[in-house]
file work-v4.tsv (TSV, C-alpha atoms)
chain	number	residue	atom	x	y	z
A	179	MET	CA	-10.09	12.55	-13.29
A	180	SER	CA	-10.16	12.87	-9.51
A	181	ALA	CA	-13.57	11.14	-9.19
A	182	GLU	CA	-12.34	8.22	-11.29
A	183	LEU	CA	-9.10	7.96	-9.33
A	184	LEU	CA	-11.00	8.06	-6.04
A	185	LYS	CA	-13.21	5.18	-7.21
A	186	GLU	CA	-10.21	3.15	-8.40
A	187	TYR	CA	-8.39	3.78	-5.11
A	188	LYS	CA	-11.40	2.70	-3.03
A	189	ASP	CA	-12.12	-0.33	-5.22
A	190	ALA	CA	-8.48	-1.46	-5.01
A	191	THR	CA	-8.63	-1.16	-1.22
A	192	ASP	CA	-11.91	-3.06	-0.94
A	193	ASN	CA	-10.74	-5.81	-3.31
A	194	PHE	CA	-7.47	-6.38	-1.45
A	195	ILE	CA	-9.12	-6.41	1.99
A	196	ALA	CA	-11.79	-8.87	0.83
A	197	ALA	CA	-9.23	-11.21	-0.74
A	198	ALA	CA	-6.94	-11.05	2.30
A	199	LYS	CA	-9.79	-11.82	4.69
A	200	ALA	CA	-10.73	-14.82	2.53
A	201	VAL	CA	-7.29	-16.48	2.73
A	202	PRO	CA	-7.77	-19.85	4.43
A	203	ALA	CA	-5.90	-20.07	7.74
A	204	ASP	CA	-3.96	-23.13	6.57
A	205	LYS	CA	-2.57	-21.17	3.58
A	206	LEU	CA	-1.79	-17.90	5.34
A	207	HIS	CA	1.83	-18.71	6.15
A	208	LYS	CA	2.60	-21.01	3.20
A	209	ALA	CA	4.73	-19.64	0.38
A	210	PRO	CA	4.15	-21.15	-3.06
A	211	SER	CA	7.93	-21.68	-3.34
A	212	ASN	CA	11.03	-20.80	-1.35
A	213	ASP	CA	11.68	-17.52	-3.16
A	214	GLU	CA	8.08	-16.24	-3.02
A	215	TRP	CA	6.12	-14.58	-0.24
A	216	SER	CA	3.39	-16.22	1.77
A	217	PRO	CA	0.01	-14.46	1.88
A	218	ALA	CA	0.91	-13.24	5.40
A	219	ASN	CA	4.15	-11.66	4.15
A	220	ILE	CA	2.28	-9.94	1.33
A	221	ILE	CA	-0.18	-8.48	3.85
A	222	HIS	CA	2.61	-7.31	6.19
A	223	HIS	CA	4.50	-5.79	3.27
A	224	LEU	CA	1.43	-3.92	2.14
A	225	ALA	CA	0.82	-2.59	5.67
A	226	ASP	CA	4.38	-1.27	5.87
A	227	THR	CA	4.34	0.29	2.42
A	228	GLU	CA	0.94	1.88	2.98
A	229	ALA	CA	2.35	3.50	6.13
A	230	HIS	CA	5.15	4.94	4.01
A	231	PHE	CA	2.71	6.11	1.32
A	232	TYR	CA	0.57	7.79	4.00
A	233	ILE	CA	3.52	9.69	5.47
A	234	ARG	CA	4.56	10.83	1.98
A	235	TYR	CA	1.02	12.05	1.27
A	236	LEU	CA	0.93	14.03	4.51
A	237	LYS	CA	4.34	15.56	3.87
A	238	ILE	CA	3.34	16.61	0.35
A	239	LEU	CA	0.10	18.14	1.57
A	240	THR	CA	1.66	20.04	4.47
A	241	GLU	CA	5.18	20.97	3.29
A	242	ASP	CA	6.58	22.81	0.30
A	243	VAL	CA	7.93	20.14	-2.12
A	244	PRO	CA	9.26	17.84	0.62
A	245	GLN	CA	11.86	15.12	0.18
A	246	THR	CA	10.06	11.75	0.17
A	247	ASP	CA	12.66	9.11	-0.53
A	248	PHE	CA	11.81	5.44	-0.74
A	249	PHE	CA	12.77	2.77	1.78
A	250	ASP	CA	14.56	-0.56	1.51
A	251	GLU	CA	11.67	-3.03	1.58
A	252	ASN	CA	14.04	-5.99	1.45
A	253	VAL	CA	15.13	-5.56	5.07
A	254	TYR	CA	11.60	-5.32	6.47
A	255	PRO	CA	10.63	-9.03	6.59
A	256	VAL	CA	13.58	-9.92	8.84
A	257	LYS	CA	14.01	-6.72	10.84
A	258	LEU	CA	10.27	-6.30	11.43
A	259	LYS	CA	9.80	-10.02	12.11
A	260	TYR	CA	7.08	-10.73	9.57
A	261	GLN	CA	6.97	-14.38	10.65
A	262	ARG	CA	5.84	-13.32	14.16
A	263	ARG	CA	3.49	-10.47	13.28
A	264	ASP	CA	-0.25	-10.70	13.59
A	265	VAL	CA	-1.86	-10.61	10.15
A	266	ASP	CA	-5.08	-9.11	11.50
A	267	TYR	CA	-3.22	-6.05	12.79
A	268	SER	CA	-1.47	-5.57	9.46
A	269	LEU	CA	-4.70	-5.95	7.54
A	270	ARG	CA	-6.46	-3.44	9.78
A	271	LEU	CA	-3.56	-1.03	9.27
A	272	VAL	CA	-3.87	-1.29	5.48
A	273	GLN	CA	-7.61	-0.68	5.67
A	274	SER	CA	-7.33	2.18	8.14
A	275	LEU	CA	-4.57	4.05	6.30
A	276	ARG	CA	-6.22	3.71	2.92
A	277	GLU	CA	-9.67	4.68	4.21
A	278	SER	CA	-8.20	7.67	6.04
A	279	PHE	CA	-6.38	8.88	2.95
A	280	TYR	CA	-9.45	8.25	0.81
A	281	ASN	CA	-11.31	10.61	3.15
A	282	ILE	CA	-8.54	13.20	2.84
A	283	MET	CA	-8.50	12.90	-0.98
A	284	SER	CA	-12.27	13.22	-1.14
A	285	ASN	CA	-11.86	16.74	0.20
A	286	PHE	CA	-8.94	17.85	-2.00
A	287	THR	CA	-9.11	21.29	-3.56
A	288	PRO	CA	-7.91	21.58	-7.17
A	289	ASP	CA	-4.62	23.02	-5.88
A	290	GLU	CA	-4.06	20.04	-3.59
A	291	TRP	CA	-4.23	17.66	-6.56
A	292	GLU	CA	-1.25	19.62	-7.95
A	293	LYS	CA	0.95	19.51	-4.81
A	294	LYS	CA	4.41	18.02	-5.33
A	295	GLY	CA	7.05	16.02	-3.56
A	296	ARG	CA	10.61	15.21	-4.52
A	297	ASN	CA	12.76	12.13	-4.30
A	298	SER	CA	16.31	11.35	-5.31
A	299	ASP	CA	15.27	8.84	-7.99
A	300	VAL	CA	12.76	10.86	-10.03
A	301	GLY	CA	13.11	14.45	-8.84
A	302	GLU	CA	9.84	16.39	-8.45
A	303	TYR	CA	6.57	14.55	-8.90
A	304	PRO	CA	2.90	15.44	-8.34
A	305	ILE	CA	0.91	13.79	-5.54
A	306	ILE	CA	-1.38	12.27	-8.14
A	307	ALA	CA	1.57	10.21	-9.45
A	308	LEU	CA	2.14	8.85	-5.94
A	309	ILE	CA	-1.55	8.04	-5.56
A	310	LYS	CA	-1.51	6.17	-8.87
A	311	LYS	CA	1.63	4.30	-7.79
A	312	SER	CA	-0.15	3.25	-4.59
A	313	ARG	CA	-3.20	2.13	-6.56
A	314	THR	CA	-1.03	0.01	-8.87
A	315	HIS	CA	0.99	-1.34	-5.95
A	316	ILE	CA	-2.05	-2.70	-4.11
A	317	LYS	CA	-3.47	-4.18	-7.33
A	318	ASP	CA	-0.14	-5.92	-8.05
A	319	HIS	CA	-0.10	-7.38	-4.54
A	320	LEU	CA	-3.73	-8.47	-4.85
A	321	ASN	CA	-2.67	-10.51	-7.88
A	322	GLN	CA	0.33	-11.83	-5.97
A	323	LEU	CA	-1.90	-12.74	-3.02
A	324	ASN	CA	-4.38	-14.60	-5.22
A	325	GLU	CA	-1.55	-16.50	-6.92
A	326	ALA	CA	0.08	-17.38	-3.59
A	327	VAL	CA	-3.18	-18.80	-2.28
A	328	ALA	CA	-3.87	-20.73	-5.49
A	329	ASN	CA	-0.35	-22.18	-5.64
A	330	SER	CA	0.30	-23.04	-1.99

call {"tool": "encode", "arguments": {"input": "work-v4.tsv", "output": "structure tokens"}}
result
Amino acid sequence: MSAELLKEYKDATDNFIAAAKAVPADKLHKAPSNDEWSPANIIHHLADTEAHFYIRYLKILTEDVPQTDFFDENVYPVKLKYQRRDVDYSLRLVQSLRESFYNIMSNFTPDEWEKKGRNSDVGEYPIIALIKKSRTHIKDHLNQLNEAVANS
């Protein structure tokens, strides 16, 4: 299972990065509608969430069942000034964090695949569940990115 998950994780990263780099400059900051995110906002959101995923991974790997609560993503676009952020920096952050964790995962021992974290919503969970959540999250935002570009 770990080899398959590693491949899926890497493929999801590569697919998102390629799609984000291909967004035409004139569509980068255009939202398909008022209540949807622009491609730039999707990229910034992914950078911020990947930073959170990365910290959770490190805590799980280095602490004994650490608390890894989620964050309020709804405040990030305004408080972190998504409209003024450089998309290239956010995209490089996504790529760097995911490639770094891919390298870490590639060297997991069987025991490390079983390490656990805890959060107030679900209680204890294995790191593999968090990795799968991250894989699904980036795939969902790849679809959102493609739709935003097609519809803007």

call {"tool": "closest_residue", "arguments": {"input": "work-v4.tsv", "among": "A:Asp266, A:Asp242, A:Glu302, A:Glu290", "to": "Ala198 (chain A)", "atoms": "all atoms listed in the file"}}
result
A:Asp266

call {"tool": "atom_distance", "arguments": {"input": "work-v4.tsv", "atom1": "CA of Asn285 (chain A)", "atom2": "CA of Leu184 (chain A)"}}
result
10.7 Å

call {"tool": "atom_distance", "arguments": {"input": "work-v4.tsv", "atom1": "CA of Ser312 (chain A)", "atom2": "CA of Met283 (chain A)"}}
result
13.3 Å

call {"tool": "closest_residue", "arguments": {"input": "work-v4.tsv", "among": "A:Ile233, A:Pro217, A:Val300, A:Leu183", "to": "Asp204 (chain A)", "atoms": "only C-alpha atoms"}}
result
A:Pro217

call {"tool": "closest_residue", "arguments": {"input": "work-v4.tsv", "among": "A:Gln273, A:Asn212, A:Thr246, A:Gln322", "to": "Arg234 (chain A)", "atoms": "all atoms listed in the file"}}
result
A:Thr246

call {"tool": "residues_around", "arguments": {"input": "work-v4.tsv", "residues": "Ile195 (chain A)", "least_positions_apart": "6", "cutoff": "9 Å", "atoms": "all atoms listed in the file", "output": "ChimeraX atom specification"}}
result
/A:269-270,272-273,320

call {"tool": "write_last_selection", "arguments": {"input": "work-v4.tsv", "atoms": "C-alpha atoms", "output": "PDB file, in the frame of the given file"}}
result
ATOM      1  CA  LEU A 269      -4.700  -5.950   7.540  1.00  0.00           C
ATOM      2  CA  ARG A 270      -6.460  -3.440   9.780  1.00  0.00           C
ATOM      3  CA  VAL A 272      -3.870  -1.290   5.480  1.00  0.00           C
ATOM      4  CA  GLN A 273      -7.610  -0.680   5.670  1.00  0.00           C
ATOM      5  CA  LEU A 320      -3.730  -8.470  -4.850  1.00  0.00           C
TER       6      LEU A 320
END

call {"tool": "closest_residue", "arguments": {"input": "work-v4.tsv", "among": "A:Phe231, A:Ser330, A:Tyr267, A:Ala225", "to": "Lys205 (chain A)", "atoms": "all atoms listed in the file"}}
result
A:Ser330

call {"tool": "closest_residue", "arguments": {"input": "work-v4.tsv", "among": "A:Ser278, A:Gln245, A:Ser216, A:Thr287", "to": "Val265 (chain A)", "atoms": "all atoms listed in the file"}}
result
A:Ser216

call {"tool": "closest_residue", "arguments": {"input": "work-v4.tsv", "among": "A:Thr227, A:Ser180, A:Ser268, A:Asn321", "to": "Asp250 (chain A)", "atoms": "only C-alpha atoms"}}
result
A:Thr227

call {"tool": "atom_distance", "arguments": {"input": "work-v4.tsv", "atom1": "CA of Asp289 (chain A)", "atom2": "CA of Pro304 (chain A)"}}
result
11.0 Å

call {"tool": "residues_around", "arguments": {"input": "work-v4.tsv", "residues": "Ile282 (chain A)", "least_positions_apart": "5", "cutoff": "10 Å", "atoms": "only C-alpha atoms", "output": "PyMOL selection string"}}
result
chain A and resi 235-236+276-277

call {"tool": "closest_atom_pairs", "arguments": {"input": "work-v4.tsv", "of": "region 208-269 of chain A", "to": "region 292-295 of chain A", "cutoff": "6 Å", "atoms": "only C-alpha atoms", "output": "JSON lines"}}
result
{"residue": "A:Ile238", "atom": "CA", "partner": "A:Gly295", "partner_atom": "CA", "distance": 5.4}
{"residue": "A:Val243", "atom": "CA", "partner": "A:Gly295", "partner_atom": "CA", "distance": 4.5}
{"residue": "A:Pro244", "atom": "CA", "partner": "A:Gly295", "partner_atom": "CA", "distance": 5.1}

call {"tool": "residues_near_point", "arguments": {"input": "work-v4.tsv", "point": "(-1.6, -10.1, -7.8)", "cutoff": "12 Å", "atoms": "all atoms listed in the file", "output": "PyMOL selection string"}}
result
chain A and resi 190+193-194+197-198+215+217+220-221+314-328
